$ cat run_0.pdb   # PDB, C-alpha atoms
ATOM      1  CA  MET A   1      57.683 -59.317  61.206
ATOM      2  CA  VAL A   2      60.993 -58.507  59.538
ATOM      3  CA  SER A   3      60.536 -56.756  56.198
ATOM      4  CA  PRO A   4      62.118 -58.421  53.158
ATOM      5  CA  ILE A   5      62.908 -54.982  51.740
ATOM      6  CA  THR A   6      66.581 -54.292  52.407
ATOM      7  CA  LEU A   7      68.768 -51.333  51.489
ATOM      8  CA  ASP A   8      70.557 -53.552  48.987
ATOM      9  CA  ALA A   9      67.261 -54.537  47.344
ATOM     10  CA  LEU A  10      66.258 -50.878  47.082
ATOM     11  CA  ARG A  11      69.590 -50.003  45.441
ATOM     12  CA  VAL A  12      69.011 -52.796  42.901
ATOM     13  CA  LEU A  13      65.519 -51.511  42.047
ATOM     14  CA  ASP A  14      66.848 -47.968  41.784
ATOM     15  CA  ALA A  15      69.681 -49.001  39.452
ATOM     16  CA  ILE A  16      67.345 -50.995  37.173
ATOM     17  CA  ASP A  17      64.911 -48.099  36.903
ATOM     18  CA  ARG A  18      67.637 -45.533  36.228
ATOM     19  CA  ARG A  19      69.567 -47.632  33.703
ATOM     20  CA  GLY A  20      66.559 -49.268  32.024
ATOM     21  CA  SER A  21      67.642 -52.927  32.176
ATOM     22  CA  PHE A  22      68.886 -55.638  34.503
ATOM     23  CA  ALA A  23      72.159 -55.900  32.566
ATOM     24  CA  ALA A  24      72.889 -52.168  32.780
ATOM     25  CA  ALA A  25      72.051 -52.172  36.488
ATOM     26  CA  ALA A  26      74.479 -55.060  37.004
ATOM     27  CA  GLU A  27      77.205 -53.007  35.317
ATOM     28  CA  THR A  28      76.459 -50.006  37.560
ATOM     29  CA  LEU A  29      76.498 -52.101  40.724
ATOM     30  CA  HIS A  30      79.531 -54.141  39.611
ATOM     31  CA  ARG A  31      77.650 -57.442  39.733
ATOM     32  CA  VAL A  32      76.778 -60.151  37.286
ATOM     33  CA  PRO A  33      73.278 -59.965  35.701
ATOM     34  CA  SER A  34      72.212 -63.207  37.346
ATOM     35  CA  ALA A  35      72.806 -61.690  40.793
ATOM     36  CA  ILE A  36      70.517 -58.763  39.926
ATOM     37  CA  SER A  37      67.802 -61.098  38.642
ATOM     38  CA  TYR A  38      68.062 -63.258  41.767
ATOM     39  CA  SER A  39      67.713 -60.211  44.089
ATOM     40  CA  VAL A  40      64.550 -59.071  42.301
ATOM     41  CA  GLN A  41      62.983 -62.527  42.137
ATOM     42  CA  LYS A  42      63.697 -63.171  45.821
ATOM     43  CA  LEU A  43      62.117 -59.856  46.808
ATOM     44  CA  GLU A  44      59.052 -60.502  44.640
ATOM     45  CA  GLU A  45      58.590 -63.955  46.190
ATOM     46  CA  GLU A  46      58.863 -62.644  49.750
ATOM     47  CA  LEU A  47      56.510 -59.728  49.060
ATOM     48  CA  GLY A  48      54.115 -61.878  47.066
ATOM     49  CA  VAL A  49      53.723 -59.270  44.283
ATOM     50  CA  PRO A  50      55.473 -58.736  40.919
ATOM     51  CA  LEU A  51      57.699 -55.636  40.870
ATOM     52  CA  PHE A  52      58.536 -55.643  37.140
ATOM     53  CA  ASP A  53      56.439 -56.203  34.031
ATOM     54  CA  ARG A  54      58.403 -58.860  32.117
ATOM     55  CA  SER A  55      56.093 -58.900  29.090
ATOM     56  CA  ARG A  56      58.073 -56.080  27.483
ATOM     57  CA  ARG A  57      61.638 -55.810  26.262
ATOM     58  CA  LYS A  58      62.522 -52.958  28.634
ATOM     59  CA  ALA A  59      62.299 -53.559  32.356
ATOM     60  CA  GLU A  60      59.328 -51.547  33.585
ATOM     61  CA  LEU A  61      58.083 -51.338  37.128
ATOM     62  CA  THR A  62      54.573 -52.416  38.019
ATOM     63  CA  ASP A  63      52.421 -50.127  40.126
ATOM     64  CA  ALA A  64      53.531 -52.040  43.214
ATOM     65  CA  GLY A  65      57.162 -51.813  42.116
ATOM     66  CA  ARG A  66      56.881 -48.058  41.546
ATOM     67  CA  LEU A  67      55.369 -47.631  45.017
ATOM     68  CA  VAL A  68      58.209 -49.576  46.621
ATOM     69  CA  LEU A  69      60.841 -47.633  44.689
ATOM     70  CA  GLU A  70      59.379 -44.174  45.370
ATOM     71  CA  HIS A  71      59.313 -44.789  49.106
ATOM     72  CA  GLY A  72      62.597 -46.666  48.919
ATOM     73  CA  ARG A  73      64.413 -43.709  47.373
ATOM     74  CA  ARG A  74      63.450 -41.600  50.370
ATOM     75  CA  ILE A  75      64.913 -44.280  52.605
ATOM     76  CA  LEU A  76      68.111 -44.423  50.548
ATOM     77  CA  LEU A  77      68.446 -40.647  50.650
ATOM     78  CA  ALA A  78      67.868 -40.575  54.409
ATOM     79  CA  THR A  79      70.398 -43.382  54.889
ATOM     80  CA  ASP A  80      73.026 -41.561  52.853
ATOM     81  CA  GLU A  81      72.354 -38.391  54.820
ATOM     82  CA  MET A  82      72.591 -40.262  58.122
ATOM     83  CA  THR A  83      75.888 -41.822  57.054
ATOM     84  CA  ALA A  84      77.296 -38.429  56.074
ATOM     85  CA  LEU A  85      76.140 -36.876  59.362
ATOM     86  CA  ALA A  86      77.700 -39.706  61.372
ATOM     87  CA  ARG A  87      81.012 -39.214  59.584
ATOM     88  CA  GLN A  88      80.674 -35.448  60.066
ATOM     89  CA  ALA A  89      80.112 -35.871  63.812
ATOM     90  CA  GLY A  90      83.030 -38.272  63.988
ATOM     91  CA  ALA A  91      85.224 -35.616  62.395
ATOM     92  CA  GLY A  92      84.174 -33.085  65.044
ATOM     93  CA  TRP A  93      81.680 -31.004  63.031
ATOM     94  CA  GLU A  94      78.319 -30.319  64.663
ATOM     95  CA  VAL A  95      75.155 -31.492  62.938
ATOM     96  CA  GLU A  96      73.531 -28.214  63.998
ATOM     97  CA  LEU A  97      74.880 -24.857  65.170
ATOM     98  CA  ARG A  98      72.382 -22.505  66.842
ATOM     99  CA  ILE A  99      73.375 -18.842  66.853
ATOM    100  CA  CYS A 100      71.442 -16.229  68.824
ATOM    101  CA  VAL A 101      71.893 -12.535  67.973
ATOM    102  CA  ASP A 102      70.817 -10.031  70.608
ATOM    103  CA  SER A 103      68.068  -7.723  69.400
ATOM    104  CA  ILE A 104      70.273  -4.670  69.873
ATOM    105  CA  LEU A 105      72.427  -5.790  66.921
ATOM    106  CA  GLU A 106      71.459  -6.160  63.284
ATOM    107  CA  PRO A 107      72.533  -9.567  61.920
ATOM    108  CA  ASP A 108      73.518  -8.302  58.449
ATOM    109  CA  ALA A 109      77.252  -8.523  59.187
ATOM    110  CA  LEU A 110      76.813 -12.201  60.057
ATOM    111  CA  TYR A 111      75.480 -13.244  56.638
ATOM    112  CA  PRO A 112      78.782 -13.054  54.688
ATOM    113  CA  LEU A 113      80.346 -15.135  57.444
ATOM    114  CA  LEU A 114      77.627 -17.778  57.135
ATOM    115  CA  GLU A 115      78.091 -17.853  53.367
ATOM    116  CA  GLU A 116      81.796 -18.483  53.876
ATOM    117  CA  PHE A 117      81.029 -21.196  56.427
ATOM    118  CA  GLN A 118      78.579 -22.991  54.129
ATOM    119  CA  ALA A 119      81.244 -23.148  51.442
ATOM    120  CA  ILE A 120      83.507 -25.232  53.684
ATOM    121  CA  GLN A 121      80.897 -27.103  55.763
ATOM    122  CA  PRO A 122      77.519 -27.262  54.003
ATOM    123  CA  ARG A 123      76.155 -30.158  56.075
ATOM    124  CA  THR A 124      76.085 -28.317  59.395
ATOM    125  CA  ARG A 125      72.602 -26.860  59.785
ATOM    126  CA  VAL A 126      72.702 -23.260  61.060
ATOM    127  CA  VAL A 127      69.754 -21.990  63.092
ATOM    128  CA  LEU A 128      69.481 -18.236  63.770
ATOM    129  CA  GLY A 129      67.513 -16.831  66.677
ATOM    130  CA  GLU A 130      66.910 -13.497  68.400
ATOM    131  CA  GLU A 131      66.767 -12.744  72.125
ATOM    132  CA  VAL A 132      66.803  -9.617  74.279
ATOM    133  CA  MET A 133      69.353  -8.938  77.026
ATOM    134  CA  GLY A 134      69.093 -11.564  79.773
ATOM    135  CA  GLY A 135      67.156 -13.796  77.396
ATOM    136  CA  ALA A 136      70.332 -14.300  75.373
ATOM    137  CA  TRP A 137      72.218 -15.566  78.421
ATOM    138  CA  GLU A 138      69.257 -17.751  79.379
ATOM    139  CA  ALA A 139      69.007 -19.282  75.885
ATOM    140  CA  LEU A 140      72.657 -20.273  76.220
ATOM    141  CA  HIS A 141      72.271 -21.603  79.757
ATOM    142  CA  ASP A 142      69.131 -23.600  78.844
ATOM    143  CA  ASN A 143      70.842 -25.087  75.765
ATOM    144  CA  ARG A 144      68.504 -23.358  73.324
ATOM    145  CA  CYS A 145      71.516 -21.968  71.479
ATOM    146  CA  ASP A 146      75.255 -22.625  71.156
ATOM    147  CA  LEU A 147      76.553 -19.101  70.601
ATOM    148  CA  VAL A 148      75.291 -15.634  71.506
ATOM    149  CA  ILE A 149      76.415 -12.549  69.632
ATOM    150  CA  GLY A 150      75.877  -9.376  71.640
ATOM    151  CA  ALA A 151      75.277 -10.716  75.153
ATOM    152  CA  PRO A 152      75.148  -7.718  77.546
ATOM    153  CA  GLY A 153      77.082  -7.472  80.797
ATOM    154  CA  GLU A 154      78.446 -10.433  82.712
ATOM    155  CA  ALA A 155      77.211 -14.022  82.636
ATOM    156  CA  PRO A 156      74.505 -14.428  85.317
ATOM    157  CA  VAL A 157      75.194 -18.152  85.830
ATOM    158  CA  SER A 158      78.187 -20.490  85.860
ATOM    159  CA  GLY A 159      79.474 -22.637  83.024
ATOM    160  CA  LEU A 160      79.463 -19.924  80.356
ATOM    161  CA  SER A 161      82.443 -18.335  78.623
ATOM    162  CA  SER A 162      82.476 -14.914  77.019
ATOM    163  CA  ARG A 163      84.694 -12.553  75.100
ATOM    164  CA  VAL A 164      84.098  -8.812  74.750
ATOM    165  CA  PHE A 165      82.987  -8.160  71.176
ATOM    166  CA  GLY A 166      82.603  -4.383  71.310
ATOM    167  CA  ALA A 167      80.417  -1.733  72.867
ATOM    168  CA  ILE A 168      77.280   0.193  72.024
ATOM    169  CA  GLU A 169      76.916   3.915  72.607
ATOM    170  CA  PRO A 170      73.454   4.645  74.049
ATOM    171  CA  VAL A 171      72.069   8.071  73.176
ATOM    172  CA  PHE A 172      68.841   9.733  74.250
ATOM    173  CA  ALA A 173      66.807  10.211  71.075
ATOM    174  CA  VAL A 174      63.399  11.689  70.288
ATOM    175  CA  ALA A 175      61.383  12.283  67.138
ATOM    176  CA  ALA A 176      62.027  15.443  65.172
ATOM    177  CA  GLY A 177      59.893  18.279  66.525
ATOM    178  CA  HIS A 178      59.237  16.541  69.853
ATOM    179  CA  PRO A 179      58.372  19.018  72.652
ATOM    180  CA  LEU A 180      61.608  18.074  74.453
ATOM    181  CA  THR A 181      63.616  19.582  71.591
ATOM    182  CA  HIS A 182      62.335  23.048  72.597
ATOM    183  CA  LEU A 183      63.440  22.837  76.242
ATOM    184  CA  PRO A 184      66.768  24.064  77.660
ATOM    185  CA  GLN A 185      69.532  21.499  77.379
ATOM    186  CA  PRO A 186      70.944  19.382  78.857
ATOM    187  CA  LEU A 187      67.593  17.963  79.907
ATOM    188  CA  SER A 188      66.906  17.168  83.551
ATOM    189  CA  ALA A 189      65.167  14.016  84.755
ATOM    190  CA  ASP A 190      62.143  16.123  85.704
ATOM    191  CA  ALA A 191      61.780  17.285  82.090
ATOM    192  CA  LEU A 192      61.194  13.674  80.956
ATOM    193  CA  ARG A 193      58.428  12.747  83.377
ATOM    194  CA  ASP A 194      55.554  13.820  81.146
ATOM    195  CA  TYR A 195      56.548  11.567  78.242
ATOM    196  CA  PRO A 196      56.237   7.781  77.926
ATOM    197  CA  THR A 197      59.456   5.788  78.118
ATOM    198  CA  VAL A 198      59.855   3.105  75.444
ATOM    199  CA  ILE A 199      61.244  -0.116  76.924
ATOM    200  CA  VAL A 200      62.537  -3.263  75.250
ATOM    201  CA  ALA A 201      61.313  -6.130  77.433
ATOM    202  CA  ASP A 202      63.825  -8.745  78.469
ATOM    203  CA  SER A 203      63.093 -12.112  76.827
ATOM    204  CA  SER A 204      64.210 -14.154  79.858
ATOM    205  CA  ARG A 205      61.823 -16.889  80.904
ATOM    206  CA  SER A 206      63.319 -17.882  84.250
ATOM    207  CA  LEU A 207      66.523 -15.915  84.918
ATOM    208  CA  PRO A 208      66.169 -12.427  86.440
ATOM    209  CA  GLY A 209      65.198 -10.053  83.642
ATOM    210  CA  ARG A 210      66.762  -6.789  82.595
ATOM    211  CA  SER A 211      65.111  -3.971  80.684
ATOM    212  CA  SER A 212      66.524  -1.508  78.181
ATOM    213  CA  GLY A 213      65.543   2.135  78.009
ATOM    214  CA  LEU A 214      64.257   2.620  81.560
ATOM    215  CA  LEU A 215      63.767   6.250  82.525
ATOM    216  CA  ASP A 216      61.803   7.784  85.350
ATOM    217  CA  GLY A 217      58.828   8.552  83.115
ATOM    218  CA  ARG A 218      55.150   8.683  84.024
ATOM    219  CA  SER A 219      54.168   5.892  81.644
ATOM    220  CA  GLN A 220      55.803   3.180  79.587
ATOM    221  CA  ILE A 221      55.459   1.577  76.167
ATOM    222  CA  ILE A 222      56.758  -2.004  76.160
ATOM    223  CA  VAL A 223      58.143  -3.489  72.928
ATOM    224  CA  LYS A 224      59.843  -6.760  72.112
ATOM    225  CA  THR A 225      62.752  -5.705  69.914
ATOM    226  CA  THR A 226      65.140  -2.817  69.413
ATOM    227  CA  ALA A 227      63.754  -2.325  65.905
ATOM    228  CA  GLN A 228      60.270  -1.771  67.371
ATOM    229  CA  LYS A 229      61.661   0.649  69.947
ATOM    230  CA  ILE A 230      63.348   2.706  67.233
ATOM    231  CA  ASP A 231      60.142   2.810  65.188
ATOM    232  CA  VAL A 232      57.984   3.828  68.159
ATOM    233  CA  GLN A 233      60.353   6.649  69.101
ATOM    234  CA  ARG A 234      60.687   7.782  65.499
ATOM    235  CA  ARG A 235      56.888   8.190  65.431
ATOM    236  CA  GLY A 236      57.050  10.411  68.509
ATOM    237  CA  LEU A 237      55.071   8.003  70.721
ATOM    238  CA  GLY A 238      57.739   7.841  73.413
ATOM    239  CA  VAL A 239      61.318   8.626  74.360
ATOM    240  CA  GLY A 240      64.364   6.723  75.548
ATOM    241  CA  TYR A 241      67.909   5.646  74.905
ATOM    242  CA  LEU A 242      68.772   4.045  71.562
ATOM    243  CA  PRO A 243      72.016   2.457  70.295
ATOM    244  CA  LEU A 244      73.760   5.070  68.167
ATOM    245  CA  HIS A 245      74.890   2.541  65.531
ATOM    246  CA  ARG A 246      71.247   1.601  64.814
ATOM    247  CA  ILE A 247      69.904   5.127  64.253
ATOM    248  CA  ARG A 248      72.577   6.866  62.186
ATOM    249  CA  GLN A 249      70.337   6.912  59.093
ATOM    250  CA  SER A 250      67.430   8.327  61.114
ATOM    251  CA  LEU A 251      69.721  11.050  62.459
ATOM    252  CA  GLU A 252      70.925  11.869  58.963
ATOM    253  CA  ASP A 253      67.408  12.125  57.517
ATOM    254  CA  GLY A 254      66.223  14.131  60.533
ATOM    255  CA  SER A 255      63.505  11.744  61.732
ATOM    256  CA  LEU A 256      65.310  11.355  65.085
ATOM    257  CA  THR A 257      67.247  13.878  67.152
ATOM    258  CA  VAL A 258      69.774  13.195  69.918
ATOM    259  CA  LEU A 259      69.330  15.343  73.019
ATOM    260  CA  PRO A 260      71.872  15.629  75.848
ATOM    261  CA  LEU A 261      70.785  14.763  79.386
ATOM    262  CA  GLU A 262      72.274  16.017  82.615
ATOM    263  CA  THR A 263      73.440  12.445  83.228
ATOM    264  CA  ASP A 264      74.218  10.484  80.077
ATOM    265  CA  ARG A 265      75.055   6.808  79.896
ATOM    266  CA  ALA A 266      78.475   5.305  79.305
ATOM    267  CA  PRO A 267      79.095   2.780  76.483
ATOM    268  CA  ILE A 268      77.855  -0.742  77.255
ATOM    269  CA  ASP A 269      80.020  -3.791  76.557
ATOM    270  CA  LEU A 270      78.531  -6.601  74.457
ATOM    271  CA  SER A 271      80.095 -10.032  74.298
ATOM    272  CA  LEU A 272      80.327 -13.236  72.350
ATOM    273  CA  ALA A 273      79.208 -16.000  74.707
ATOM    274  CA  TRP A 274      79.120 -19.785  74.576
ATOM    275  CA  SER A 275      78.986 -22.813  76.877
ATOM    276  CA  SER A 276      82.409 -23.573  78.315
ATOM    277  CA  GLY A 277      82.242 -27.268  77.388
ATOM    278  CA  ARG A 278      81.504 -26.783  73.690
ATOM    279  CA  GLN A 279      84.319 -28.120  71.496
ATOM    280  CA  GLY A 280      82.737 -28.504  68.033
ATOM    281  CA  LYS A 281      84.633 -27.358  64.959
ATOM    282  CA  ALA A 282      81.760 -25.230  63.661
ATOM    283  CA  LEU A 283      81.556 -23.189  66.866
ATOM    284  CA  LYS A 284      85.331 -22.798  66.960
ATOM    285  CA  TRP A 285      85.406 -21.669  63.332
ATOM    286  CA  ILE A 286      82.673 -19.052  63.837
ATOM    287  CA  LEU A 287      84.300 -17.773  67.040
ATOM    288  CA  GLN A 288      87.659 -17.492  65.340
ATOM    289  CA  ARG A 289      86.208 -15.500  62.463
ATOM    290  CA  LEU A 290      84.197 -13.244  64.793
ATOM    291  CA  SER A 291      87.384 -12.561  66.753
ATOM    292  CA  ALA A 292      89.163 -11.184  63.696
ATOM    293  CA  PRO A 293      90.087  -7.471  63.828
ATOM    294  CA  GLY A 294      87.234  -5.233  62.781
ATOM    295  CA  MET A 295      84.404  -7.755  63.191
ATOM    296  CA  GLY A 296      82.837  -5.888  66.101
ATOM    297  CA  GLU A 297      82.961  -2.689  64.081
ATOM    298  CA  ALA A 298      81.279  -4.529  61.186
ATOM    299  CA  PHE A 299      78.298  -5.014  63.513
ATOM    300  CA  GLY A 300      78.373  -1.286  64.282
ATOM    301  CA  LEU A 301      80.070  -1.596  67.669
ATOM    302  CA  LEU A 302      82.741   0.582  69.212
ATOM    303  CA  PRO A 303      86.115  -1.220  69.527
ATOM    304  CA  ARG A 304      87.112  -2.193  73.052
ATOM    305  CA  GLU A 305      90.537  -2.845  74.488
ATOM    306  CA  ALA A 306      89.383  -5.791  76.623
ATOM    307  CA  THR A 307      89.296  -8.835  74.358
ATOM    308  CA  THR A 308      90.323 -11.589  76.787
ATOM    309  CA  ASP A 309      88.050 -14.523  77.563
ATOM    310  CA  ARG A 310      85.952 -14.320  80.709
ATOM    311  CA  HIS A 311      84.969 -17.576  82.395
ATOM    312  CA  ALA A 312      82.056 -17.374  84.784
ATOM    313  CA  LEU A 313      82.922 -19.340  87.915
TER     314      LEU A 313
END

$ encode --input "run_0.pdb" --output "structure tokens"
Amino acid sequence: MVSPITLDALRVLDAIDRRGSFAAAAETLHRVPSAISYSVQKLEEELGVPLFDRSRRKAELTDAGRLVLEHGRRILLATDEMTALARQAGAGWEVELRICVDSILEPDALYPLLEEFQAIQPRTRVVLGEEVMGGAWEALHDNRCDLVIGAPGEAPVSGLSSRVFGAIEPVFAVAAGHPLTHLPQPLSADALRDYPTVIVADSSRSLPGRSSGLLDGRSQIIVKTTAQKIDVQRRGLGVGYLPLHRIRQSLEDGSLTVLPLETDRAPIDLSLAWSSGRQGKALKWILQRLSAPGMGEAFGLLPREATTDRHAL
């Protein structure tokens, strides 16, 4: 059965309730009063219930009328939102932009950018997520996100584009007073075997996983995020490599100490990555702003010379 309640009828009820009379509602809707009265009467007849109490001078809704209007306003709001989203999509702006930040980065530098974006495009919903290493690439490949900030290494699958964002400097760090701090330096691999290695587990679900912090230790402590890894090592529960930009405060306050190894690691490139076919204005705007000079450094990364796009083939 087709409902007699139309969007136009709901707008009439809303205008009458807001303005307090049929005549005032007619003025708001740019109609003659008789047209407003006819719309209400027709709706009441088709519903079989009175919507207004006509025994008083001011138009007042009955209980049934109030019920219809309260639900109707939700419908009107949803319709207006749907109309705005349709126009937004037609203009090239995404309804939703999903941004994944790799766990090795802190997202603080992204927040001012999002505030700036909301000022020019408040209707695009922004969803923030966190992945670890290969999980960031997988989230992009599986369409769980539209943009990755801090994707490590090269794209493991086709159809993804990337741009070097900067590099992290991995350093071997232990808690202050750790037994390793009393050994001759640089430390050999054999010197590390008696201490648990703290590892950030890759968040990949199907793609081949990678792990951060692997050393040839006797045991391992597995954590889910870089923040957890830093905390575990700061408590002296294990050892491993940490990104220098994330532990500067801990080095300054003395809770962590960097120790040289016989074979240290080189800086590791991190990239901005996105699906090659994405053309939305929101993604383009964010990418353009992230590509501005100094943005990688704002995230704590080392600047890199290579800033050209890489297209996985």

$ atom_distance --input "run_0.pdb" --atom1 "CA of His178 in chain A" --atom2 "CA of His245 in chain A"
21.4 Å

$ resolve_selection --input "run_0.pdb" --expression "the PyMOL selection byres ((chain A and resi 165) around 7)" --output "PyMOL selection string"
chain A and resi 163-164+166+270-272+296

$ resolve_selection --input "run_0.pdb" --expression "the PyMOL selection byres ((chain A and resi 174) around 12)" --output "ChimeraX atom specification"
/A:171-173,175-182,192,195-198,229-242,247,250-251,254-260

$ axis_aligned_box --input "run_0.pdb" --around "range 137-148 of chain A" --padding-each-side "5 Å" --output "AutoDock Vina command-line options"
--center_x 72.5 --center_y -20.3 --center_z 75.2 --size_x 18.0 --size_y 19.5 --size_z 19.2

$ residues_around --input "run_0.pdb" --residues "range 43-56 of chain A" --least-positions-apart "4" --cutoff "7 Å" --atoms "only C-alpha atoms" --output "count of residues only"
8

$ resolve_selection --input "run_0.pdb" --expression "the PyMOL selection byres ((chain A and resi 21-28) around 12)" --output "PDB file with C-alpha atoms, in the frame of the given file"
ATOM      1  CA  ARG A  11      69.590 -50.003  45.441  1.00  0.00           C
ATOM      2  CA  VAL A  12      69.011 -52.796  42.901  1.00  0.00           C
ATOM      3  CA  LEU A  13      65.519 -51.511  42.047  1.00  0.00           C
ATOM      4  CA  ASP A  14      66.848 -47.968  41.784  1.00  0.00           C
ATOM      5  CA  ALA A  15      69.681 -49.001  39.452  1.00  0.00           C
ATOM      6  CA  ILE A  16      67.345 -50.995  37.173  1.00  0.00           C
ATOM      7  CA  ASP A  17      64.911 -48.099  36.903  1.00  0.00           C
ATOM      8  CA  ARG A  18      67.637 -45.533  36.228  1.00  0.00           C
ATOM      9  CA  ARG A  19      69.567 -47.632  33.703  1.00  0.00           C
ATOM     10  CA  GLY A  20      66.559 -49.268  32.024  1.00  0.00           C
ATOM     11  CA  LEU A  29      76.498 -52.101  40.724  1.00  0.00           C
ATOM     12  CA  HIS A  30      79.531 -54.141  39.611  1.00  0.00           C
ATOM     13  CA  ARG A  31      77.650 -57.442  39.733  1.00  0.00           C
ATOM     14  CA  VAL A  32      76.778 -60.151  37.286  1.00  0.00           C
ATOM     15  CA  PRO A  33      73.278 -59.965  35.701  1.00  0.00           C
ATOM     16  CA  SER A  34      72.212 -63.207  37.346  1.00  0.00           C
ATOM     17  CA  ALA A  35      72.806 -61.690  40.793  1.00  0.00           C
ATOM     18  CA  ILE A  36      70.517 -58.763  39.926  1.00  0.00           C
ATOM     19  CA  SER A  37      67.802 -61.098  38.642  1.00  0.00           C
ATOM     20  CA  TYR A  38      68.062 -63.258  41.767  1.00  0.00           C
ATOM     21  CA  SER A  39      67.713 -60.211  44.089  1.00  0.00           C
ATOM     22  CA  VAL A  40      64.550 -59.071  42.301  1.00  0.00           C
ATOM     23  CA  GLN A  41      62.983 -62.527  42.137  1.00  0.00           C
ATOM     24  CA  PHE A  52      58.536 -55.643  37.140  1.00  0.00           C
ATOM     25  CA  ASP A  53      56.439 -56.203  34.031  1.00  0.00           C
ATOM     26  CA  ARG A  54      58.403 -58.860  32.117  1.00  0.00           C
ATOM     27  CA  ARG A  56      58.073 -56.080  27.483  1.00  0.00           C
ATOM     28  CA  ARG A  57      61.638 -55.810  26.262  1.00  0.00           C
ATOM     29  CA  LYS A  58      62.522 -52.958  28.634  1.00  0.00           C
ATOM     30  CA  ALA A  59      62.299 -53.559  32.356  1.00  0.00           C
ATOM     31  CA  GLU A  60      59.328 -51.547  33.585  1.00  0.00           C
ATOM     32  CA  LEU A  61      58.083 -51.338  37.128  1.00  0.00           C
TER      33      LEU A  61
END

$ closest_residue --input "run_0.pdb" --among "A:Val157, A:Leu10, A:Ala167, A:Leu187" --to "Glu297 in chain A" --atoms "all atoms listed in the file"
A:Ala167

$ residues_around --input "run_0.pdb" --residues "Ala151 in chain A" --least-positions-apart "6" --cutoff "12 Å" --atoms "all atoms listed in the file" --output "PyMOL selection string"
chain A and resi 99-105+130-140+160-168+210+268-274

$ atom_distance --input "run_0.pdb" --atom1 "CA of Ala119 in chain A" --atom2 "CA of Ala282 in chain A"
12.4 Å

$ closest_residue --input "run_0.pdb" --among "A:Val95, A:Ser188, A:Gly277, A:Leu114" --to "Arg289 in chain A" --atoms "only C-alpha atoms"
A:Leu114

$ atom_distance --input "run_0.pdb" --atom1 "CA of Ile75 in chain A" --atom2 "CA of Arg98 in chain A"
27.1 Å

$ residues_around --input "run_0.pdb" --residues "Phe117 in chain A" --least-positions-apart "5" --cutoff "9 Å" --atoms "all atoms listed in the file" --output "count of residues only"
5

$ closest_residue --input "run_0.pdb" --among "A:Ala201, A:Leu183, A:Leu244, A:Leu69" --to "Pro267 in chain A" --atoms "all atoms listed in the file"
A:Leu244
